[in-house]
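Have a look at final-v4.cif below; it lists mmCIF, C-alpha atoms.
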```cif
data_final
#
loop_
_atom_site.label_atom_id
_atom_site.label_comp_id
_atom_site.auth_asym_id
_atom_site.auth_seq_id
_atom_site.Cartn_x
_atom_site.Cartn_y
_atom_site.Cartn_z
CA MET A 1 9.75 7.45 -27.97
CA ASN A 2 7.48 5.80 -30.49
CA LEU A 3 4.15 5.50 -28.74
CA SER A 4 0.95 4.79 -30.66
CA PHE A 5 -2.43 6.40 -29.95
CA GLU A 6 -3.74 3.00 -28.89
CA ASP A 7 -0.94 2.47 -26.37
CA LEU A 8 -1.36 5.96 -24.94
CA ILE A 9 -5.12 5.59 -24.66
CA THR A 10 -4.60 2.34 -22.74
CA GLU A 11 -2.36 4.16 -20.25
CA LEU A 12 -4.64 7.19 -19.94
CA ALA A 13 -7.63 4.94 -19.31
CA ILE A 14 -5.78 3.23 -16.45
CA ALA A 15 -4.73 6.59 -14.97
CA LEU A 16 -8.21 8.11 -15.22
CA GLU A 17 -9.98 4.89 -14.22
CA VAL A 18 -12.29 5.04 -17.25
CA PRO A 19 -12.97 2.48 -20.01
CA ALA A 20 -10.48 2.83 -22.90
CA ALA A 21 -13.49 3.16 -25.20
CA SER A 22 -14.29 6.54 -23.63
CA LEU A 23 -11.04 7.97 -25.03
CA THR A 24 -10.22 8.63 -28.69
CA GLU A 25 -7.45 10.36 -30.60
CA SER A 26 -9.41 13.60 -30.50
CA THR A 27 -10.39 13.53 -26.79
CA ARG A 28 -9.67 16.75 -24.93
CA ALA A 29 -9.56 17.09 -21.13
CA THR A 30 -12.76 19.13 -21.21
CA ASP A 31 -14.61 16.23 -22.87
CA LEU A 32 -14.28 13.92 -19.87
CA GLU A 33 -15.50 14.62 -16.35
CA GLN A 34 -12.74 12.45 -14.87
CA TRP A 35 -10.02 14.42 -16.69
CA ASP A 36 -10.15 17.36 -14.30
CA SER A 37 -7.31 18.84 -12.27
CA LEU A 38 -7.07 15.75 -10.07
CA GLY A 39 -7.38 13.42 -13.06
CA HIS A 40 -4.52 15.22 -14.75
CA ILE A 41 -2.28 14.66 -11.72
CA SER A 42 -3.19 10.96 -11.91
CA ILE A 43 -2.11 10.95 -15.56
CA LEU A 44 1.25 12.53 -14.67
CA VAL A 45 1.84 10.11 -11.78
CA HIS A 46 0.99 7.16 -14.03
CA LEU A 47 3.21 8.36 -16.90
CA ASP A 48 6.08 8.89 -14.44
CA ARG A 49 5.78 5.29 -13.23
CA LYS A 50 5.37 3.88 -16.74
CA PHE A 51 8.05 5.95 -18.46
CA ASP A 52 10.81 6.40 -15.88
CA ASN A 53 10.02 9.79 -14.36
CA ILE A 54 9.19 11.33 -17.73
CA THR A 55 7.71 14.56 -16.30
CA GLU A 56 11.22 15.59 -15.15
CA ASN A 57 12.11 16.23 -18.79
CA CYS A 58 8.62 17.12 -20.03
CA PRO A 59 7.13 19.86 -17.82
CA ASP A 60 4.76 20.71 -20.69
CA LEU A 61 2.84 17.56 -19.83
CA ALA A 62 1.37 19.48 -16.86
CA SER A 63 -0.59 21.76 -19.19
CA ALA A 64 -1.20 19.32 -22.07
CA ALA A 65 -4.97 19.33 -22.47
CA SER A 66 -5.64 16.56 -25.02
CA VAL A 67 -4.64 13.05 -26.03
CA LYS A 68 -2.94 14.48 -29.13
CA GLU A 69 -0.86 16.97 -27.11
CA ILE A 70 0.31 14.32 -24.67
CA LEU A 71 1.27 11.96 -27.48
CA MET A 72 3.17 14.70 -29.30
CA ILE A 73 5.16 15.63 -26.18
CA LEU A 74 5.98 12.00 -25.34
CA ASN A 75 7.02 11.16 -28.88
CA GLU A 76 9.38 14.14 -28.95
CA GLN A 77 11.38 12.34 -26.26
CA PRO A 78 14.26 10.07 -27.24
CA GLY A 79 13.86 6.32 -26.70
CA MET B 1 26.20 24.67 11.99
CA ALA B 2 24.59 28.06 11.36
CA ILE B 3 21.94 28.98 13.92
CA LEU B 4 19.30 31.20 12.41
CA SER B 5 17.10 32.03 15.36
CA ALA B 6 17.24 32.79 19.05
CA PRO B 7 15.92 29.92 21.19
CA PHE B 8 12.17 29.46 21.29
CA SER B 9 9.47 27.02 22.38
CA ILE B 10 6.01 26.20 21.20
CA GLU B 11 3.88 26.50 24.34
CA GLY B 12 0.53 25.47 22.95
CA ILE B 13 -1.62 25.16 19.86
CA GLY B 14 -5.36 25.80 19.79
CA VAL B 15 -7.35 24.27 16.93
CA ALA B 16 -10.75 25.10 15.42
CA LEU B 17 -12.22 23.30 12.42
CA GLY B 18 -15.32 24.19 10.45
CA GLU B 19 -18.45 23.10 12.33
CA ASN B 20 -19.72 20.95 9.44
CA ARG B 21 -17.84 17.67 8.98
CA LEU B 22 -18.45 16.42 5.44
CA ILE B 23 -17.74 12.72 5.01
CA ILE B 24 -16.80 12.44 1.34
CA ARG B 25 -18.52 9.07 0.81
CA GLU B 26 -21.80 10.52 2.12
CA SER B 27 -21.65 14.15 1.04
CA TYR B 28 -20.12 13.54 -2.41
CA PRO B 29 -21.09 9.98 -3.43
CA GLU B 30 -20.40 10.89 -7.09
CA PHE B 31 -16.77 11.72 -6.16
CA VAL B 32 -15.96 8.61 -4.08
CA SER B 33 -13.45 7.35 -6.64
CA VAL B 34 -11.10 10.24 -5.87
CA ILE B 35 -10.54 9.21 -2.25
CA GLU B 36 -7.85 6.75 -3.28
CA ARG B 37 -5.91 9.64 -4.83
CA THR B 38 -6.63 12.43 -2.35
CA GLY B 39 -6.43 10.15 0.69
CA ILE B 40 -9.10 12.37 2.25
CA GLU B 41 -12.14 10.77 3.89
CA SER B 42 -13.61 13.93 5.37
CA VAL B 43 -13.32 17.69 5.14
CA TYR B 44 -14.58 20.49 7.38
CA SER B 45 -16.67 23.44 6.27
CA THR B 46 -17.76 26.53 8.14
CA ASP B 47 -20.85 28.69 7.65
CA GLY B 48 -18.88 31.47 9.32
CA SER B 49 -15.62 33.10 8.36
CA ALA B 50 -11.92 32.39 8.71
CA LEU B 51 -11.93 35.12 11.34
CA ASP B 52 -14.59 33.25 13.36
CA LEU B 53 -12.40 30.13 13.24
CA ALA B 54 -9.35 32.17 14.27
CA VAL B 55 -11.28 33.54 17.27
CA ASP B 56 -12.29 29.99 18.26
CA ALA B 57 -8.74 28.59 17.88
CA LEU B 58 -7.36 31.44 19.96
CA GLY B 59 -10.13 30.85 22.52
CA HIS B 60 -9.09 27.20 22.86
CA LEU B 61 -5.46 28.22 23.30
CA LYS B 62 -6.49 30.81 25.91
CA SER B 63 -8.37 28.13 27.87
CA SER B 64 -5.26 25.96 28.09
CA ILE B 65 -2.57 28.61 28.75
CA PRO B 66 -4.43 31.82 29.72
CA GLU B 67 -1.51 33.71 31.29
CA LEU B 68 0.85 33.10 28.40
CA VAL B 69 -1.73 34.23 25.84
CA GLN B 70 -2.43 37.37 27.84
CA GLN B 71 1.33 38.10 28.00
CA ALA B 72 1.80 37.87 24.21
CA ARG B 73 3.05 41.10 22.64
CA VAL B 74 2.77 40.15 18.98
CA LEU B 75 -0.22 38.83 17.01
CA ILE B 76 0.41 37.50 13.53
CA LEU B 77 -2.52 36.26 11.44
CA VAL B 78 -1.68 34.15 8.40
CA THR B 79 -4.72 34.18 6.13
CA GLN B 80 -5.90 34.41 2.55
CA SER B 81 -9.49 34.89 3.62
CA PRO B 82 -9.32 38.48 4.94
CA GLU B 83 -12.29 40.48 6.19
CA TYR B 84 -11.17 43.77 4.66
CA LEU B 85 -8.73 45.19 2.15
CA LEU B 86 -7.68 47.30 5.13
CA PRO B 87 -7.03 47.13 8.04
CA ALA B 88 -5.37 43.78 8.54
CA THR B 89 -7.86 41.16 9.77
CA ALA B 90 -5.52 40.60 12.72
CA PHE B 91 -6.93 43.83 14.22
CA GLU B 92 -10.45 42.38 14.21
CA LEU B 93 -9.06 39.20 15.79
CA HIS B 94 -7.20 41.32 18.35
CA LYS B 95 -10.48 43.04 19.30
CA ARG B 96 -12.62 39.90 19.44
CA ALA B 97 -10.01 37.97 21.44
CA ASP B 98 -9.73 40.89 23.89
CA LEU B 99 -5.94 40.99 23.75
CA ARG B 100 -3.76 43.66 25.37
CA PRO B 101 -3.32 46.98 23.52
CA ASP B 102 0.48 47.12 23.60
CA MET B 103 0.89 44.60 20.81
CA VAL B 104 2.36 44.47 17.34
CA VAL B 105 -0.50 43.22 15.14
CA PHE B 106 -0.31 42.28 11.45
CA ASP B 107 -1.39 39.85 8.75
CA ILE B 108 0.72 37.66 6.52
CA ASN B 109 -1.01 36.90 3.21
CA GLN B 110 0.25 33.39 2.54
CA GLY B 111 -1.27 29.97 2.00
CA CYS B 112 0.20 26.53 2.41
CA SER B 113 3.73 27.73 3.18
CA GLY B 114 2.32 30.33 5.59
CA PHE B 115 2.98 28.58 8.89
CA VAL B 116 6.67 28.17 8.09
CA HIS B 117 6.92 31.79 6.93
CA GLY B 118 5.07 32.85 10.08
CA LEU B 119 7.28 30.75 12.35
CA LEU B 120 10.41 32.31 10.84
CA VAL B 121 9.00 35.74 11.74
CA ALA B 122 7.56 34.67 15.10
CA ALA B 123 10.74 32.91 16.29
CA SER B 124 12.75 36.01 15.36
CA MET B 125 10.35 38.32 17.21
CA ALA B 126 10.07 36.07 20.29
CA SER B 127 13.57 37.08 21.38
CA MET B 128 12.48 40.73 21.47
CA PHE B 129 8.87 40.38 22.69
CA GLU B 130 9.06 37.15 24.76
CA SER B 131 5.91 35.64 23.36
CA VAL B 132 4.18 35.75 20.00
CA LEU B 133 0.78 34.51 18.84
CA LEU B 134 0.86 32.97 15.38
CA VAL B 135 -2.65 32.32 14.11
CA CYS B 136 -3.33 30.56 10.80
CA ALA B 137 -6.91 30.71 9.51
CA ASP B 138 -8.59 30.11 6.19
CA ALA B 139 -12.03 29.33 4.85
CA TYR B 140 -11.17 28.23 1.32
CA ARG B 141 -14.41 26.31 0.81
CA LYS B 142 -16.33 29.51 0.07
CA LYS B 143 -13.91 30.09 -2.82
CA LEU B 144 -14.66 26.74 -4.52
CA ARG B 145 -16.96 25.93 -7.44
CA VAL B 146 -19.77 23.68 -6.23
CA ASN B 147 -19.04 20.95 -8.80
CA ASP B 148 -15.22 21.12 -8.71
CA ARG B 149 -14.28 17.59 -7.70
CA SER B 150 -10.57 18.42 -7.40
CA THR B 151 -11.05 21.09 -4.76
CA GLN B 152 -14.36 20.19 -3.03
CA THR B 153 -12.91 16.86 -1.92
CA VAL B 154 -9.62 18.36 -0.73
CA PHE B 155 -9.88 21.69 1.09
CA SER B 156 -11.05 22.16 4.68
CA ASP B 157 -11.86 25.29 6.64
CA GLY B 158 -9.82 25.57 9.80
CA ALA B 159 -7.65 27.64 12.10
CA THR B 160 -4.81 27.11 14.53
CA ALA B 161 -3.40 29.46 17.16
CA THR B 162 0.20 28.78 18.20
CA LEU B 163 2.00 30.46 21.07
CA ILE B 164 5.73 30.84 20.54
CA SER B 165 7.78 31.92 23.55
CA SER B 166 11.43 32.77 24.11
CA ARG B 167 11.77 29.87 26.60
CA PRO B 168 14.80 27.99 25.27
CA SER B 169 13.87 24.62 23.78
CA LEU B 170 14.49 24.87 20.05
CA GLN B 171 16.49 26.79 17.51
CA ILE B 172 16.15 27.11 13.75
CA ASP B 173 19.33 25.61 12.29
CA ALA B 174 18.66 26.22 8.62
CA SER B 175 16.06 27.69 6.29
CA GLU B 176 15.52 27.62 2.55
CA ASN B 177 12.81 29.44 0.70
CA PHE B 178 11.67 29.32 -2.90
CA SER B 179 9.27 31.79 -4.50
CA ASP B 180 8.18 31.85 -8.13
CA GLY B 181 5.69 34.55 -9.08
CA SER B 182 5.54 33.22 -12.63
CA GLY B 183 3.40 30.43 -11.15
CA ILE B 184 0.65 32.77 -9.90
CA GLY B 185 -1.68 31.54 -12.64
CA HIS B 186 -1.53 27.97 -11.37
CA LEU B 187 -3.28 28.76 -8.07
CA PHE B 188 -5.12 32.01 -7.50
CA GLN B 189 -8.37 33.77 -6.67
CA GLY B 190 -9.03 37.13 -8.30
CA LYS B 191 -10.23 40.21 -6.43
CA ASN B 192 -13.59 40.12 -8.22
CA ALA B 193 -15.66 38.03 -10.63
CA THR B 194 -13.69 39.04 -13.72
CA LEU B 195 -11.16 36.28 -13.07
CA ASN B 196 -12.55 32.71 -13.04
CA GLU B 197 -15.92 34.17 -11.89
CA GLY B 198 -14.33 34.92 -8.54
CA TYR B 199 -13.67 31.26 -7.72
CA LEU B 200 -10.36 29.75 -6.73
CA HIS B 201 -8.48 28.38 -9.72
CA MET B 202 -6.07 25.52 -9.17
CA SER B 203 -4.14 23.77 -11.91
CA GLY B 204 -3.40 20.72 -9.81
CA SER B 205 -1.00 19.24 -12.36
CA ASP B 206 1.19 22.35 -12.45
CA VAL B 207 1.22 22.61 -8.65
CA TRP B 208 2.00 18.88 -8.40
CA LEU B 209 4.86 19.23 -10.86
CA PHE B 210 6.21 22.23 -8.93
CA THR B 211 6.08 20.19 -5.73
CA LYS B 212 7.84 17.28 -7.39
CA ARG B 213 10.62 19.43 -8.79
CA VAL B 214 11.24 21.69 -5.80
CA VAL B 215 10.19 20.29 -2.43
CA GLU B 216 12.28 17.16 -1.96
CA LYS B 217 15.43 18.91 -3.22
CA GLN B 218 14.73 21.85 -0.92
CA ILE B 219 14.28 19.57 2.09
CA ARG B 220 17.56 17.73 1.37
CA SER B 221 19.39 21.01 0.80
CA THR B 222 18.05 22.60 4.02
CA VAL B 223 18.94 19.52 6.06
CA GLY B 224 22.41 19.59 4.49
CA LYS B 225 22.82 23.25 5.44
CA ALA B 226 22.07 22.28 9.03
CA GLY B 227 24.96 19.80 8.84
CA LEU B 228 22.59 16.84 9.04
CA LYS B 229 21.33 13.92 6.95
CA ILE B 230 17.68 13.07 6.37
CA SER B 231 18.15 10.01 8.60
CA ASP B 232 19.17 12.34 11.48
CA ILE B 233 15.75 14.03 11.42
CA ASP B 234 13.24 12.69 13.95
CA ASP B 235 10.12 13.93 12.14
CA ILE B 236 9.45 15.61 8.81
CA TYR B 237 6.25 17.67 8.96
CA LEU B 238 4.96 18.34 5.45
CA HIS B 239 2.04 20.47 4.34
CA GLN B 240 -0.88 18.07 4.00
CA ALA B 241 -1.73 18.77 0.35
CA SER B 242 -3.10 15.44 -0.88
CA LYS B 243 -2.14 11.76 -0.77
CA LEU B 244 -0.78 11.97 -4.32
CA VAL B 245 1.63 14.71 -3.28
CA LEU B 246 2.55 13.15 0.08
CA ASP B 247 3.11 9.71 -1.43
CA GLY B 248 5.38 11.20 -4.10
CA LEU B 249 7.47 12.92 -1.43
CA LYS B 250 7.58 9.83 0.79
CA GLU B 251 8.85 7.77 -2.15
CA LYS B 252 11.70 10.22 -2.59
CA LEU B 253 12.43 10.60 1.14
CA VAL B 254 12.88 6.88 1.73
CA ASP B 255 15.60 7.57 4.29
CA ALA B 256 13.22 9.55 6.52
CA LYS B 257 12.46 8.12 9.98
CA SER B 258 9.00 9.61 10.32
CA ILE B 259 6.65 11.64 8.12
CA PRO B 260 3.44 12.09 10.12
CA THR B 261 0.18 12.59 8.22
CA ASN B 262 -3.40 13.34 9.19
CA ILE B 263 -4.87 14.22 5.82
CA SER B 264 -7.39 11.39 5.86
CA ASP B 265 -9.31 12.93 8.76
CA TYR B 266 -8.83 16.64 8.16
CA GLY B 267 -8.19 17.31 4.46
CA ASN B 268 -6.04 20.21 3.32
CA THR B 269 -6.38 23.02 5.87
CA VAL B 270 -3.97 25.34 3.98
CA SER B 271 -1.61 27.17 6.39
CA SER B 272 -3.05 25.30 9.39
CA SER B 273 -2.02 21.86 8.16
CA ILE B 274 1.44 21.79 9.78
CA PRO B 275 0.38 23.26 13.17
CA LEU B 276 -2.56 20.83 13.13
CA LEU B 277 -0.02 18.00 12.85
CA LEU B 278 2.09 19.55 15.63
CA SER B 279 -0.89 20.14 17.94
CA THR B 280 -0.88 16.54 19.19
CA ARG B 281 2.94 16.35 19.50
CA ILE B 282 4.05 19.63 21.05
CA GLU B 283 6.24 18.06 23.75
CA THR B 284 7.88 15.74 21.21
CA PHE B 285 8.45 18.61 18.79
CA ASN B 286 10.06 20.81 21.47
CA ARG B 287 12.72 18.20 22.19
CA SER B 288 13.30 16.74 18.68
CA THR B 289 15.13 17.52 15.49
CA SER B 290 12.45 18.27 12.90
CA VAL B 291 11.88 19.53 9.40
CA LEU B 292 8.87 21.73 8.63
CA CYS B 293 8.05 22.28 4.97
CA GLY B 294 5.09 24.16 3.53
CA PHE B 295 4.50 24.61 -0.20
CA GLY B 296 1.85 25.78 -2.62
CA VAL B 297 0.26 29.08 -3.60
CA GLY B 298 2.68 31.72 -4.89
CA LEU B 299 4.11 29.41 -6.02
CA SER B 300 6.21 29.07 -2.90
CA SER B 301 8.00 26.55 -0.76
CA SER B 302 9.53 27.18 2.64
CA CYS B 303 11.54 24.72 4.70
CA ILE B 304 13.23 24.93 8.10
CA VAL B 305 15.18 22.57 10.32
CA THR B 306 14.62 22.92 14.08
CA SER B 307 16.57 21.16 16.81
CA PRO B 308 16.95 21.31 20.61
CA CYS B 309 18.97 24.43 21.38
CA GLU B 310 22.60 24.18 22.35
#
```
What is this structure when it is put down as structure tokens?
Amino acid sequence: MNLSFEDLITELAIALEVPAASLTESTRATDLEQWDSLGHISILVHLDRKFDNITENCPDLASAASVKEILMILNEQPG
Amino acid sequence: MAILSAPFSIEGIGVALGENRLIIRESYPEFVSVIERTGIESVYSTDGSALDLAVDALGHLKSSIPELVQQARVLILVTQSPEYLLPATAFELHKRADLRPDMVVFDINQGCSGFVHGLLVAASMASMFESVLLVCADAYRKKLRVNDRSTQTVFSDGATATLISSRPSLQIDASENFSDGSGIGHLFQGKNATLNEGYLHMSGSDVWLFTKRVVEKQIRSTVGKAGLKISDIDDIYLHQASKLVLDGLKEKLVDAKSIPTNISDYGNTVSSSIPLLLSTRIETFNRSTSVLCGFGVGLSSSCIVTSPCE
């Protein structure tokens, strides 16, 4: 996968129901009230819908705690 | 078809919810946006204990079928909100409910898969003792951080008391269980304040992923073991975890006839969620082919298929 920070931030903003401007490349889950346990599930559900059930092959996404970590895990995937 | 249990019936289910009904939109206006994901409009909280709720649920059951409750020879309490390290809280319940002395009395420490675990034990014991009381009770809300949106808007305090008799209506055709102690860290409460300041810790994403990877496959496998297809099952009763979890399972179980839910009104009542669903459909359940599946803390998942006995 060859996902850019901008594309990922767009998807995370949709999942967390926050403005894209509230997320940056260095945002960590602890920086954003909406990125709590429930928010993280919303991210996983959204990524599954967007990227064909991606969490099946990427269980590490469940504990990824930052934009950077999520991007790294996704971009390690083929396609 | 392998039959796992002697015939049994569910004779009644008493229910007690926390006395404070918290409507999420009113009690947590800052958390309203989560309702779409949790699917939960209200939760119940008690100022008392899980034991108090267990006493009330058993009291309601006693009012509806007094003789059968008095005849019960086994009392099982499924709880993760015990009164003591020892003895089992079931003994306190036994005393407060004024049950007969010649009983087997014990606790099962289990959460969201607890009713299914308890029913496996209770159905087995019913053949020997004729009738068994299976009480599920928890008061998780006292374990939650005040500002934890992910748990405050989900968990309810509640109890159910189910009477299982040896009257032949149902049998357990198949059972599958999954336990993974390596997942303890995803959902736990420590014994004291040294772990997470004594509060319940839940990594919702890890529990969600566990559910996604295990539960649907387990249900299909258990139904297969019973010699059936998902479309043969009248009702699939799932632990009422959250809308996100239930919707994910419903998407995968597209061939299911019926997956009842009540999470909007009651929230996640832990081990009581499945008997709470059954409490309004006892007659239907006793004459139908059903799947019961509870999953969560442990991590654990437990699934059974029940059908009218041959």
| said: Going by the chain IDs and residue numbers used in this file, which residues fall under the PyMOL selection byres ((chain A and resi 13) around 12)? Write them as a count of residues only. | reply: 30
| task | Compute the chain B side of the contact with chain A at 9 Å, counting only C-alpha atoms, and hand it back as a PyMOL selection string. | result | chain B and resi 33-34+37-38+148-151+202-209+212-213+244+248
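Using all atoms listed in the file, the smallest distance between any of B:Gly298, B:Gln152, B:His117, B:Leu134 and B:Val104 comes from B:Leu134.
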| query | Neighbours of B:Ser64 within 12 Å (all atoms listed in the file; same-chain residues fewer than 5 positions away dropped), as a PyMOL selection string? | reply | chain B and resi 11-15+57-59+69-70+161-163
Any chance you could export the current selection's C-alpha atoms as a PDB file, in the frame of the given file?
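And here's selection17.pdb as it stands now:
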```
ATOM      1  CA  GLU B  11       3.880  26.500  24.340  1.00  0.00           C
ATOM      2  CA  GLY B  12       0.530  25.470  22.950  1.00  0.00           C
ATOM      3  CA  ILE B  13      -1.620  25.160  19.860  1.00  0.00           C
ATOM      4  CA  GLY B  14      -5.360  25.800  19.790  1.00  0.00           C
ATOM      5  CA  VAL B  15      -7.350  24.270  16.930  1.00  0.00           C
ATOM      6  CA  ALA B  57      -8.740  28.590  17.880  1.00  0.00           C
ATOM      7  CA  LEU B  58      -7.360  31.440  19.960  1.00  0.00           C
ATOM      8  CA  GLY B  59     -10.130  30.850  22.520  1.00  0.00           C
ATOM      9  CA  VAL B  69      -1.730  34.230  25.840  1.00  0.00           C
ATOM     10  CA  GLN B  70      -2.430  37.370  27.840  1.00  0.00           C
ATOM     11  CA  ALA B 161      -3.400  29.460  17.160  1.00  0.00           C
ATOM     12  CA  THR B 162       0.200  28.780  18.200  1.00  0.00           C
ATOM     13  CA  LEU B 163       2.000  30.460  21.070  1.00  0.00           C
TER      14      LEU B 163
END
```
| request: Take atom CA of B:Ile24 and atom CA of B:Lys142 and report the distance between them in Å, one decimal. | output: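 Result for atom CA of B:Ile24 versus atom CA of B:Lys142: 17.1 Å, one decimal.
Atom CA of B:Pro101 is positioned 17.4 Å from atom CA of B:Val135.
Interatomic distance, atom CA of B:His94 to atom CA of B:Leu75: 7.5 Å.
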| task | Step by step, work through what the PyMOL selection byres ((chain B and resi 141) around 9) selects in the shown file, and finish by giving those residues as a ChimeraX atom specification. | result | /B:44-46,138-140,142-145,151-152,155-157
| request: Take the PyMOL selection byres ((chain B and resi 221-223) around 10), apply it to the structure above, and return the hits as number ranges by chain. | output: B: 173-177, 215-220, 224-233, 290-291, 302-306
| Can you list, as number ranges by chain, every protein, DNA or RNA residue that comes within 6 Å of B:Gln240 when you count all atoms listed in the file, leaving out same-chain residues fewer than 5 positions away? | B: 263, 268, 273
Could the residues in this selection be saved with C-alpha atoms as a PDB file, keeping the file's coordinate frame?
```pdb
ATOM      1  CA  ILE B 263      -4.870  14.220   5.820  1.00  0.00           C
ATOM      2  CA  ASN B 268      -6.040  20.210   3.320  1.00  0.00           C
ATOM      3  CA  SER B 273      -2.020  21.860   8.160  1.00  0.00           C
TER       4      SER B 273
END
```
| said: Can you pull out the residues contacting A:Glu76? Cut-off 10 Å, using all atoms listed in the file, and skip same-chain residues under 2 positions away; I want them as a count of residues only. | reply: 9
Close residues, B:Cys136 itself excluded, 8 Å, all atoms listed in the file, min 5 positions apart in chain, as a tab-separated table (two decimals) with C-alpha atoms, keeping the file's coordinate frame:
```tsv
chain	number	residue	atom	x	y	z
B	54	ALA	CA	-9.35	32.17	14.27
B	77	LEU	CA	-2.52	36.26	11.44
B	78	VAL	CA	-1.68	34.15	8.40
B	79	THR	CA	-4.72	34.18	6.13
B	114	GLY	CA	2.32	30.33	5.59
B	115	PHE	CA	2.98	28.58	8.89
B	159	ALA	CA	-7.65	27.64	12.10
B	160	THR	CA	-4.81	27.11	14.53
B	161	ALA	CA	-3.40	29.46	17.16
B	271	SER	CA	-1.61	27.17	6.39
B	272	SER	CA	-3.05	25.30	9.39
```
